[in-house]
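Trainee: What follows is model28.cif, mmCIF, C-alpha atoms (C1' of nucleotides).
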```
data_model
loop_
_atom_site.label_atom_id
_atom_site.label_comp_id
_atom_site.auth_asym_id
_atom_site.auth_seq_id
_atom_site.Cartn_x
_atom_site.Cartn_y
_atom_site.Cartn_z
CA MET A 1 140.16 83.32 120.91
CA SER A 2 138.69 85.61 123.46
CA PRO A 3 135.12 84.56 124.18
CA ARG A 4 132.39 87.16 123.95
CA SER A 5 129.93 87.70 126.70
CA GLU A 6 126.23 87.19 126.24
CA GLU A 7 125.62 90.91 126.39
CA GLN A 8 128.09 91.59 123.65
CA ASN A 9 126.45 89.01 121.46
CA GLU A 10 123.07 90.53 122.08
CA ALA A 11 124.40 93.94 121.19
CA ILE A 12 125.84 92.63 117.96
CA LYS A 13 122.60 90.93 117.08
CA ASP A 14 120.62 94.10 117.65
CA GLU A 15 123.04 96.13 115.63
CA ARG A 16 122.92 93.76 112.67
CA ARG A 17 119.16 93.66 112.76
CA GLU A 18 118.94 97.43 112.74
CA GLN A 19 121.50 97.58 109.97
CA ILE A 20 119.40 95.28 107.82
CA LEU A 21 116.15 97.06 108.66
CA SER A 22 117.66 100.41 107.86
CA GLY A 23 118.72 99.29 104.40
CA ALA A 24 115.45 97.46 103.86
CA LEU A 25 113.42 100.56 104.73
CA ARG A 26 114.81 102.48 101.82
CA VAL A 27 114.53 99.56 99.42
CA PHE A 28 110.96 98.62 100.31
CA ALA A 29 109.83 102.25 100.24
CA ARG A 30 111.33 102.88 96.84
CA LYS A 31 110.44 99.60 95.18
CA GLY A 32 107.48 98.18 97.02
CA PHE A 33 107.38 94.79 98.64
CA ALA A 34 107.41 92.49 95.63
CA ALA A 35 109.93 94.44 93.57
CA ALA A 36 112.40 94.77 96.42
CA LYS A 37 115.14 92.21 96.05
CA ILE A 38 117.07 90.66 98.88
CA SER A 39 120.16 91.54 96.90
CA ASP A 40 119.10 95.21 97.04
CA ILE A 41 118.80 95.02 100.79
CA VAL A 42 122.17 93.30 100.93
CA SER A 43 123.81 96.08 98.92
CA ARG A 44 122.22 98.82 101.02
CA SER A 45 122.91 97.30 104.39
CA GLY A 46 126.36 95.90 103.73
CA VAL A 47 125.74 92.42 105.09
CA SER A 48 125.75 89.13 103.26
CA HIS A 49 122.82 87.43 101.66
CA GLY A 50 122.94 84.59 104.13
CA LEU A 51 122.99 86.87 107.17
CA VAL A 52 119.71 88.43 106.22
CA TYR A 53 118.11 85.02 106.48
CA HIS A 54 119.93 84.37 109.72
CA TYR A 55 118.11 87.30 111.33
CA PHE A 56 114.80 87.12 109.52
CA ASP A 57 112.75 84.17 108.36
CA SER A 58 111.63 85.78 105.15
CA LYS A 59 111.43 88.95 103.12
CA GLU A 60 107.89 89.30 104.35
CA GLU A 61 108.96 89.35 107.97
CA ILE A 62 111.33 92.24 107.34
CA PHE A 63 108.62 94.25 105.67
CA PHE A 64 106.15 93.55 108.41
CA GLU A 65 108.56 94.72 111.08
CA LEU A 66 108.95 98.01 109.22
CA LEU A 67 105.19 98.35 108.82
CA LYS A 68 104.75 97.75 112.51
CA ARG A 69 107.19 100.51 113.37
CA ALA A 70 105.59 102.92 110.94
CA ILE A 71 102.11 102.44 112.33
CA ASP A 72 103.11 102.31 115.98
CA THR A 73 105.08 105.52 115.63
CA SER A 74 102.28 107.42 113.96
CA SER A 75 99.73 106.21 116.50
CA GLU A 76 101.96 107.23 119.37
CA THR A 77 102.55 110.63 117.85
CA LEU A 78 98.88 111.34 117.55
CA LEU A 79 98.09 110.12 121.05
CA MET A 80 100.89 112.28 122.41
CA VAL A 81 99.56 115.41 120.74
CA ASP A 82 96.02 114.57 121.76
CA GLY A 83 97.14 114.36 125.38
CA MET A 84 98.60 117.84 125.42
CA PRO A 85 96.72 120.50 127.44
CA ILE A 86 96.08 122.71 124.42
CA SER A 87 93.12 123.72 122.30
CA PRO A 88 91.85 121.49 119.48
CA LEU A 89 93.11 123.85 116.79
CA GLU A 90 96.48 123.93 118.47
CA LYS A 91 96.53 120.13 118.43
CA VAL A 92 96.03 120.15 114.70
CA ARG A 93 98.80 122.68 114.34
CA GLN A 94 101.19 120.66 116.48
CA THR A 95 100.45 117.53 114.49
CA ALA A 96 101.08 119.27 111.19
CA GLN A 97 104.28 120.88 112.43
CA TYR A 98 105.61 117.71 113.95
CA ILE A 99 104.96 115.48 110.95
CA LEU A 100 106.11 117.99 108.35
CA ARG A 101 109.31 118.65 110.24
CA GLY A 102 109.95 114.92 110.24
CA ILE A 103 109.38 114.65 106.51
CA GLY A 104 111.62 117.60 105.85
CA GLU A 105 114.50 116.68 108.08
CA PHE A 106 114.66 112.90 107.96
CA GLU A 107 114.35 111.02 104.72
CA GLU A 108 113.57 108.02 106.90
CA SER A 109 110.31 109.65 107.89
CA ALA A 110 109.04 109.90 104.32
CA TYR A 111 110.09 106.32 103.69
CA TYR A 112 107.93 105.11 106.55
CA PHE A 113 104.92 106.79 104.99
CA LEU A 114 105.63 104.95 101.78
CA ILE A 115 105.77 101.65 103.62
CA VAL A 116 102.27 102.22 104.91
CA ILE A 117 101.07 103.16 101.45
CA HIS A 118 102.52 100.02 99.95
CA ALA A 119 100.92 97.89 102.61
CA SER A 120 97.52 99.53 102.32
CA VAL A 121 97.03 100.13 98.63
CA MET A 122 99.01 97.36 97.01
CA GLU A 123 97.89 93.79 96.88
CA GLY A 124 99.86 91.60 99.17
CA PRO A 125 99.67 89.31 102.19
CA LYS A 126 96.34 89.83 103.88
CA HIS A 127 97.65 90.59 107.33
CA TYR A 128 99.30 93.71 105.97
CA GLN A 129 95.87 95.15 105.43
CA ASP A 130 94.81 94.01 108.89
CA LYS A 131 97.74 95.74 110.49
CA TYR A 132 97.00 98.79 108.43
CA LEU A 133 93.54 99.13 109.87
CA GLU A 134 95.18 100.13 113.13
CA ALA A 135 96.53 103.16 111.34
CA SER A 136 93.05 104.36 110.57
CA THR A 137 92.60 105.12 114.25
CA ALA A 138 94.57 108.25 113.43
CA LEU A 139 91.73 109.34 111.17
CA THR A 140 89.09 108.98 113.85
CA THR A 141 91.26 110.43 116.62
CA MET A 142 91.77 113.53 114.51
CA ALA A 143 88.06 113.63 113.66
CA ASP A 144 87.27 113.68 117.39
CA ILE A 145 89.69 116.54 117.94
CA LEU A 146 88.02 118.47 115.14
CA ALA A 147 84.57 117.86 116.61
CA GLU A 148 85.71 119.37 119.90
CA GLY A 149 87.07 122.33 118.00
CA GLN A 150 83.72 122.84 116.29
CA LYS A 151 82.12 123.22 119.70
CA THR A 152 84.59 125.90 120.72
CA GLY A 153 84.24 127.55 117.32
CA GLU A 154 87.88 127.20 116.26
CA ILE A 155 87.14 124.65 113.58
CA ARG A 156 84.99 124.97 110.48
CA PRO A 157 81.59 123.31 110.45
CA GLY A 158 81.27 120.23 108.27
CA ASP A 159 81.94 116.51 108.30
CA THR A 160 84.90 116.01 110.63
CA LEU A 161 85.86 112.61 109.27
CA GLN A 162 86.06 114.06 105.78
CA MET A 163 88.21 116.93 107.00
CA SER A 164 90.45 114.52 108.85
CA THR A 165 90.77 112.41 105.73
CA VAL A 166 91.78 115.38 103.61
CA PHE A 167 94.30 116.42 106.25
CA PHE A 168 96.05 113.06 106.28
CA SER A 169 95.71 112.67 102.53
CA ALA A 170 97.68 115.84 102.11
CA ILE A 171 100.37 114.58 104.46
CA GLN A 172 100.69 111.28 102.64
CA GLY A 173 100.79 113.08 99.33
CA LEU A 174 103.53 115.39 100.59
CA ALA A 175 105.63 112.43 101.68
CA MET A 176 105.42 111.15 98.14
CA TYR A 177 106.32 114.48 96.59
CA LYS A 178 109.31 114.62 98.89
CA LEU A 179 110.60 111.38 97.43
CA ALA A 180 109.55 112.09 93.86
CA MET A 181 110.98 115.56 93.44
CA ALA A 182 114.62 116.36 94.05
CA ASP A 183 114.02 120.04 94.85
CA PHE A 184 110.98 119.52 97.06
CA GLU A 185 110.59 121.91 99.93
CA VAL A 186 108.26 121.20 102.81
CA PRO A 187 105.33 123.62 102.80
CA ASP A 188 104.32 125.84 105.68
CA PRO A 189 102.36 123.70 108.18
CA GLU A 190 99.81 126.50 108.41
CA ILE A 191 98.58 125.56 104.93
CA LEU A 192 97.51 122.22 106.36
CA VAL A 193 95.89 123.92 109.32
CA ASN A 194 93.84 126.02 106.92
CA ILE A 195 92.03 122.88 105.81
CA VAL A 196 90.16 122.85 109.12
CA ARG A 197 90.56 126.30 110.61
CA LYS A 198 87.51 128.52 110.75
CA MET B 1 86.54 81.39 54.92
CA SER B 2 85.13 84.84 54.62
CA PRO B 3 87.97 87.35 54.43
CA ARG B 4 87.88 90.33 56.76
CA SER B 5 88.34 93.83 55.53
CA GLU B 6 91.20 96.01 56.63
CA GLU B 7 88.89 98.17 58.68
CA GLN B 8 87.54 95.22 60.56
CA ASN B 9 91.02 94.06 61.38
CA GLU B 10 91.93 97.50 62.61
CA ALA B 11 88.87 97.57 64.79
CA ILE B 12 89.74 94.20 66.27
CA LYS B 13 93.30 95.29 66.93
CA ASP B 14 92.13 98.42 68.71
CA GLU B 15 89.65 96.49 70.77
CA ARG B 16 92.21 93.93 71.88
CA ARG B 17 94.70 96.63 72.77
CA GLU B 18 92.14 98.43 74.89
CA GLN B 19 91.12 95.16 76.48
CA ILE B 20 94.69 94.48 77.50
CA LEU B 21 95.31 98.04 78.68
CA SER B 22 92.14 98.00 80.73
CA GLY B 23 93.19 94.88 82.59
CA ALA B 24 96.75 96.11 82.91
CA LEU B 25 95.64 99.40 84.46
CA ARG B 26 94.13 97.67 87.44
CA VAL B 27 97.05 95.27 87.82
CA PHE B 28 99.79 97.90 87.57
CA ALA B 29 97.95 100.24 89.91
CA ARG B 30 97.43 97.60 92.55
CA LYS B 31 100.81 95.91 92.31
CA GLY B 32 103.25 98.39 90.89
CA PHE B 33 105.31 97.84 87.78
CA ALA B 34 107.72 95.16 88.92
CA ALA B 35 105.26 93.11 90.92
CA ALA B 36 102.68 93.06 88.15
CA LYS B 37 102.83 89.76 86.33
CA ILE B 38 101.91 89.24 82.73
CA SER B 39 99.81 86.35 83.96
CA ASP B 40 97.84 88.80 86.13
CA ILE B 41 97.16 90.96 83.12
CA VAL B 42 96.17 87.88 81.17
CA SER B 43 93.66 86.85 83.84
CA ARG B 44 92.17 90.32 84.08
CA SER B 45 91.90 91.00 80.38
CA GLY B 46 90.86 87.56 79.22
CA VAL B 47 93.36 87.19 76.42
CA SER B 48 96.20 84.74 76.08
CA HIS B 49 99.74 85.20 77.24
CA GLY B 50 101.05 85.21 73.71
CA LEU B 51 98.59 87.82 72.51
CA VAL B 52 99.83 90.36 75.00
CA TYR B 53 103.25 90.13 73.38
CA HIS B 54 101.66 90.31 69.96
CA TYR B 55 100.29 93.77 70.74
CA PHE B 56 103.04 95.08 72.97
CA ASP B 57 106.79 94.61 72.85
CA SER B 58 107.22 94.38 76.58
CA LYS B 59 105.61 94.83 79.96
CA GLU B 60 107.33 98.17 80.12
CA GLU B 61 105.63 99.40 76.97
CA ILE B 62 102.19 98.64 78.41
CA PHE B 63 102.97 100.54 81.57
CA PHE B 64 104.34 103.48 79.66
CA GLU B 65 101.22 103.73 77.54
CA LEU B 66 99.11 103.90 80.69
CA LEU B 67 101.42 106.50 82.22
CA LYS B 68 101.14 108.58 79.08
CA ARG B 69 97.36 108.51 79.23
CA ALA B 70 97.32 109.41 82.91
CA ILE B 71 99.53 112.43 82.48
CA ASP B 72 98.01 113.63 79.23
CA THR B 73 94.53 113.45 80.73
CA SER B 74 95.44 115.39 83.84
CA SER B 75 97.28 118.06 81.86
CA GLU B 76 94.33 118.48 79.53
CA THR B 77 91.92 118.72 82.42
CA LEU B 78 93.86 121.49 84.05
CA LEU B 79 94.30 123.41 80.81
CA MET B 80 90.60 123.11 80.13
CA VAL B 81 89.68 124.53 83.53
CA ASP B 82 92.27 127.26 83.20
CA GLY B 83 90.74 128.31 79.92
CA MET B 84 87.30 128.85 81.38
CA PRO B 85 86.06 132.46 81.73
CA ILE B 86 85.71 132.24 85.50
CA SER B 87 87.49 133.64 88.54
CA PRO B 88 90.66 132.02 89.92
CA LEU B 89 88.88 130.72 93.00
CA GLU B 90 86.18 129.26 90.81
CA LYS B 91 88.88 127.53 88.74
CA VAL B 92 90.18 125.87 91.87
CA ARG B 93 86.68 124.80 92.79
CA GLN B 94 86.00 123.36 89.34
CA THR B 95 89.27 121.43 89.42
CA ALA B 96 88.49 119.95 92.81
CA GLN B 97 84.93 119.06 91.84
CA TYR B 98 85.93 117.53 88.55
CA ILE B 99 88.74 115.38 89.90
CA LEU B 100 86.90 114.26 93.02
CA ARG B 101 83.86 113.29 91.01
CA GLY B 102 86.11 111.19 88.81
CA ILE B 103 87.68 109.46 91.79
CA GLY B 104 84.29 108.81 93.32
CA GLU B 105 82.50 107.54 90.27
CA PHE B 106 85.12 105.69 88.26
CA GLU B 107 87.54 103.33 89.89
CA GLU B 108 89.61 103.76 86.74
CA SER B 109 90.29 107.32 87.73
CA ALA B 110 91.88 106.41 91.05
CA TYR B 111 93.95 103.74 89.32
CA TYR B 112 95.44 106.31 86.96
CA PHE B 113 96.59 108.35 89.93
CA LEU B 114 98.31 105.28 91.30
CA ILE B 115 100.08 104.73 87.98
CA VAL B 116 101.59 108.19 88.23
CA ILE B 117 102.62 107.56 91.81
CA HIS B 118 104.33 104.33 90.90
CA ALA B 119 106.18 105.99 88.06
CA SER B 120 107.28 108.96 90.09
CA VAL B 121 108.18 107.57 93.48
CA MET B 122 109.30 104.06 92.73
CA GLU B 123 112.60 103.22 91.18
CA GLY B 124 112.28 102.09 87.63
CA PRO B 125 113.24 102.86 84.05
CA LYS B 126 114.57 106.37 83.86
CA HIS B 127 112.23 107.65 81.20
CA TYR B 128 109.30 107.15 83.54
CA GLN B 129 110.64 109.94 85.66
CA ASP B 130 111.22 112.05 82.57
CA LYS B 131 107.65 111.57 81.46
CA TYR B 132 106.51 112.34 84.96
CA LEU B 133 108.12 115.74 84.93
CA GLU B 134 105.47 116.78 82.44
CA ALA B 135 102.91 116.18 85.13
CA SER B 136 104.52 118.78 87.35
CA THR B 137 103.25 121.44 84.96
CA ALA B 138 99.97 120.95 86.79
CA LEU B 139 101.65 122.23 89.94
CA THR B 140 102.89 125.42 88.33
CA THR B 141 99.70 126.00 86.34
CA MET B 142 97.73 125.88 89.56
CA ALA B 143 100.28 128.09 91.29
CA ASP B 144 99.76 130.70 88.56
CA ILE B 145 96.01 130.55 89.02
CA LEU B 146 96.47 131.07 92.75
CA ALA B 147 98.75 134.05 92.17
CA GLU B 148 96.04 135.71 90.08
CA GLY B 149 93.57 135.03 92.82
CA GLN B 150 95.82 136.68 95.37
CA LYS B 151 95.68 139.86 93.29
CA THR B 152 91.90 139.83 93.26
CA GLY B 153 91.85 138.97 96.95
CA GLU B 154 90.02 135.66 96.64
CA ILE B 155 93.04 133.58 97.59
CA ARG B 156 95.04 133.56 100.80
CA PRO B 157 98.42 135.26 100.83
CA GLY B 158 101.40 132.93 100.97
CA ASP B 159 103.63 130.82 98.76
CA THR B 160 101.44 129.76 95.85
CA LEU B 161 103.61 126.83 94.82
CA GLN B 162 103.38 125.43 98.33
CA MET B 163 99.62 125.83 98.35
CA SER B 164 99.38 124.18 94.96
CA THR B 165 101.52 121.31 96.21
CA VAL B 166 99.31 120.75 99.24
CA PHE B 167 96.23 120.86 97.03
CA PHE B 168 97.49 118.14 94.70
CA SER B 169 99.00 116.17 97.56
CA ALA B 170 95.57 115.94 99.10
CA ILE B 171 94.10 114.74 95.80
CA GLN B 172 96.74 112.07 95.38
CA GLY B 173 96.27 110.99 98.96
CA LEU B 174 92.51 110.75 98.49
CA ALA B 175 92.98 108.54 95.43
CA MET B 176 95.00 106.20 97.63
CA TYR B 177 92.44 106.17 100.43
CA LYS B 178 89.78 105.36 97.87
CA LEU B 179 91.67 102.22 96.90
CA ALA B 180 92.79 101.34 100.41
CA MET B 181 89.50 101.60 102.25
CA ALA B 182 86.41 99.71 101.22
CA ASP B 183 83.96 102.20 102.73
CA PHE B 184 85.70 105.34 101.53
CA GLU B 185 83.48 108.24 100.64
CA VAL B 186 84.73 111.14 98.60
CA PRO B 187 84.89 114.30 100.72
CA ASP B 188 83.17 117.55 99.90
CA PRO B 189 85.31 119.38 97.28
CA GLU B 190 84.90 122.55 99.31
CA ILE B 191 87.31 121.13 101.89
CA LEU B 192 89.99 121.19 99.22
CA VAL B 193 89.02 124.70 98.23
CA ASN B 194 89.50 125.79 101.83
CA ILE B 195 93.22 125.10 101.49
CA VAL B 196 93.56 128.22 99.35
CA ARG B 197 90.43 130.28 99.95
CA LYS B 198 90.80 133.51 101.84
"C1'" DG C 1 94.72 86.94 64.93
"C1'" DT C 2 95.13 83.79 68.57
"C1'" DC C 3 96.79 80.14 71.16
"C1'" DT C 4 100.08 76.58 73.79
"C1'" DA C 5 104.61 75.07 74.81
"C1'" DT C 6 109.18 76.17 75.90
"C1'" DA C 7 113.73 78.63 76.58
"C1'" DT C 8 116.15 81.44 79.57
"C1'" DC C 9 117.07 84.05 83.36
"C1'" DC C 10 116.84 85.58 88.02
"C1'" DA C 11 114.94 85.84 92.67
"C1'" DG C 12 114.02 83.84 97.41
"C1'" DA C 13 115.51 80.62 100.37
"C1'" DT C 14 118.78 76.90 102.20
"C1'" DA C 15 123.12 74.29 103.39
"C1'" DG C 16 127.14 74.04 105.15
"C1'" DA C 17 132.09 75.83 105.53
"C1'" DC C 18 134.81 78.96 108.41
"C1'" DG D 1 128.16 85.16 113.81
"C1'" DT D 2 129.16 85.46 109.09
"C1'" DC D 3 130.01 84.08 104.58
"C1'" DT D 4 129.76 81.64 99.65
"C1'" DA D 5 127.68 78.25 96.78
"C1'" DT D 6 123.60 76.05 95.37
"C1'" DC D 7 118.74 74.52 94.88
"C1'" DT D 8 114.31 75.44 93.04
"C1'" DG D 9 110.39 77.88 91.51
"C1'" DG D 10 108.46 81.15 88.70
"C1'" DA D 11 108.59 85.17 85.60
"C1'" DT D 12 109.42 87.45 80.96
"C1'" DA D 13 109.72 86.74 76.46
"C1'" DT D 14 109.84 83.75 72.20
"C1'" DA D 15 108.63 80.07 68.72
"C1'" DG D 16 105.72 78.04 66.15
"C1'" DA D 17 101.15 75.52 65.48
"C1'" DC D 18 96.32 76.51 64.18
#
```
Would you mind writing the structure in this file as structure tokens?
Mentor:
Amino acid sequence: MSPRSEEQNEAIKDERREQILSGALRVFARKGFAAAKISDIVSRSGVSHGLVYHYFDSKEEIFFELLKRAIDTSSETLLMVDGMPISPLEKVRQTAQYILRGIGEFEESAYYFLIVIHASVMEGPKHYQDKYLEASTALTTMADILAEGQKTGEIRPGDTLQMSTVFFSAIQGLAMYKLAMADFEVPDPEILVNIVRK
Amino acid sequence: MSPRSEEQNEAIKDERREQILSGALRVFARKGFAAAKISDIVSRSGVSHGLVYHYFDSKEEIFFELLKRAIDTSSETLLMVDGMPISPLEKVRQTAQYILRGIGEFEESAYYFLIVIHASVMEGPKHYQDKYLEASTALTTMADILAEGQKTGEIRPGDTLQMSTVFFSAIQGLAMYKLAMADFEVPDPEILVNIVRK
DNA sequence: GTCTATATCCAGATAGAC
DNA sequence: GTCTATCTGGATATAGAC
């Protein structure tokens, strides 16, 4: 038997973990936390039942890892756009374009939105909700951008938090339509921009 | 023992059914079909475990009844608005006002939206999806209204089905925010109107 | 019409072989 | 590192008393 190096073992471990998470993403998104069965994840990811529990302590831990990724990614996206040297309206446009492209091109992207929805709306372990609160920073970040845009006159007058909420509501809703309807086509990002544009 | 009349028995049966459905609505909305336990419904509705199965054949039948009500109600609402002798833009405004008021005032209303989401996005019995397809008539009905409005110049140019999809996406998303956030306040309906208004 | 008690099945998690 | 076999709890649904 040829012994494997530490690095090789680490690489294998990472690969298996990702393999499991990738299958679990689809299963959790489509079924929700409680309805998702370990056996579903096993089928999707092609590993054995026992191996899942070798890499994760519980079903809950797998879900939480996915939730973490979903929220971290969306926060980073918004901070990235906010840091660009462009006008407020253009920031809104970039956000809409970026997210909608993701939903259209990668099914994974829509699944991550569903994970957040499950964690936030559905009853479950309390720390899901806690983690979710971090996601609401997106709402206020966008509201701040809109307020700037009101000063420059690019953005409609009105309650910026409400506008921000409608903007993200539409995005979440679109992610769901994408998964619900087979022939769904991603709408023109400009329709989202129209929510706030003067 | 004083015998009860047929009518009284019927009234009791109806009342119990509604009692069960009312509790089940909240449970299914918050947990999804698979995660909802009969014992949850029992706690919420205040009847015994056995009685639930006296009035319904299965958990599935309860869910389906709720789904039916959700979809029938939303179809009727849209047809009602469409039948009003008002301009296309005004029809959009009435729809937004009516639905948002419902979401704001009655928690029940937001729950029904969640029921539809569960049925459409989550994996489950196939006939849920079939039933759900009826709900998509709302999308096309609204698209038709928008097309009329484009002729009269009240509505923005562009793909009307896409605009209709964004409009309803936002509504669905708002229903979720309502249930996810404790301090949620319903936004001004005019923000939704702005999606399509020229 | 309503309840409690129980049968049956299936899921999450563990143990231990290879 | 990976697998199969098994334990154990809990859920749906049923049976039958009141």
Trainee: Near region 144-150 of chain A, counting all atoms listed in the file, which residues have an atom at most 12 Å away, once you skip same-chain residues fewer than 3 positions from it, shown as an NGL selection string?
Mentor: :A and (78-79 or 81-84 or 86-93 or 95 or 137-141 or 153-165 or 167 or 193 or 195-198)
Trainee: For a quick test of understanding: name the residues of chain A lying within 12 Å of chain D when counting only C-alpha atoms (C1' of nucleotides), and present them as a list in words.
Mentor: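 Every residue meeting the condition is included here: Arg4, Gln8, Asn9, Glu10, Ile12, Lys13, Arg16, Val47, Ser48, His49, Gly50, Leu51, Val52, Tyr53, His54 and Tyr55 of chain A.
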Trainee: Could you make a table, as a Markdown table, of the residues of chain C that have an atom within 12 Å of an atom of chain B, each with its nearest atom pair and distance in Å to one decimal, counting only C-alpha atoms (C1' of nucleotides), in chain and number order?
Mentor:
```
| residue | atom | partner | partner_atom | distance |
| --- | --- | --- | --- | --- |
| C:DG1 | C1' | B:Leu51 | CA | 8.6 |
| C:DT2 | C1' | B:Leu51 | CA | 6.6 |
| C:DC3 | C1' | B:Ser48 | CA | 6.8 |
| C:DT4 | C1' | B:Gly50 | CA | 8.7 |
| C:DA5 | C1' | B:Gly50 | CA | 10.8 |
```
Trainee: Pick out the closest residue to chain A from this set: B:Ser45, B:Thr152, B:Gln129, B:Gln94. Count only C-alpha atoms.
Mentor: B:Gln129
Trainee: Using only C-alpha atoms, find the residues of chain A whose closest atom to chain B is at most 7 Å away, then write them as a PyMOL selection string.
Mentor: chain A and resi 30-31+34-35+120-123+162-163+166+169-170+172-174+176+179-180+187+191+194-195
Trainee: Output the selection as a PDB file, in the coordinates of the input - C-alpha atoms for each residue.
Mentor:
```pdb
ATOM      1  CA  ARG A  30     111.330 102.880  96.840  1.00  0.00           C
ATOM      2  CA  LYS A  31     110.440  99.600  95.180  1.00  0.00           C
ATOM      3  CA  ALA A  34     107.410  92.490  95.630  1.00  0.00           C
ATOM      4  CA  ALA A  35     109.930  94.440  93.570  1.00  0.00           C
ATOM      5  CA  SER A 120      97.520  99.530 102.320  1.00  0.00           C
ATOM      6  CA  VAL A 121      97.030 100.130  98.630  1.00  0.00           C
ATOM      7  CA  MET A 122      99.010  97.360  97.010  1.00  0.00           C
ATOM      8  CA  GLU A 123      97.890  93.790  96.880  1.00  0.00           C
ATOM      9  CA  GLN A 162      86.060 114.060 105.780  1.00  0.00           C
ATOM     10  CA  MET A 163      88.210 116.930 107.000  1.00  0.00           C
ATOM     11  CA  VAL A 166      91.780 115.380 103.610  1.00  0.00           C
ATOM     12  CA  SER A 169      95.710 112.670 102.530  1.00  0.00           C
ATOM     13  CA  ALA A 170      97.680 115.840 102.110  1.00  0.00           C
ATOM     14  CA  GLN A 172     100.690 111.280 102.640  1.00  0.00           C
ATOM     15  CA  GLY A 173     100.790 113.080  99.330  1.00  0.00           C
ATOM     16  CA  LEU A 174     103.530 115.390 100.590  1.00  0.00           C
ATOM     17  CA  MET A 176     105.420 111.150  98.140  1.00  0.00           C
ATOM     18  CA  LEU A 179     110.600 111.380  97.430  1.00  0.00           C
ATOM     19  CA  ALA A 180     109.550 112.090  93.860  1.00  0.00           C
ATOM     20  CA  PRO A 187     105.330 123.620 102.800  1.00  0.00           C
ATOM     21  CA  ILE A 191      98.580 125.560 104.930  1.00  0.00           C
ATOM     22  CA  ASN A 194      93.840 126.020 106.920  1.00  0.00           C
ATOM     23  CA  ILE A 195      92.030 122.880 105.810  1.00  0.00           C
TER      24      ILE A 195
END
```
Trainee: Work out how far CA of Asp72 (chain B) is from CA of Lys59 (chain B), in Å to one decimal.
Mentor: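 Between CA of Lys59 (chain B) and CA of Asp72 (chain B) the gap works out to 20.3 Å.
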Trainee: Measure the distance from CA of Lys126 (chain A) to CA of Tyr112 (chain B) in Å and round it to one decimal.
Mentor: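 These atoms are spaced 23.6 Å apart.
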Trainee: For a test of reading the model, state the distance in Å between CA of Lys151 (chain B) and CA of Thr73 (chain B), rounded to one decimal.
Mentor: 29.3 Å
Trainee: Using only C-alpha atoms, pick whichever of B:Asp40, B:Gly46, B:Ile99, B:His127 has the shortest atom-to-atom distance to Glu18 (chain B).
Mentor: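 Closest candidate: B:Gly46.
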Trainee: So, with all atoms listed in the file as the atoms that count, which of A:Ala143, A:Ser58, A:Ala96, A:Glu6 lies closest to DG12 (chain C)?
Mentor: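 The shortest atom-to-atom distance to DG12 (chain C) comes from A:Ser58.
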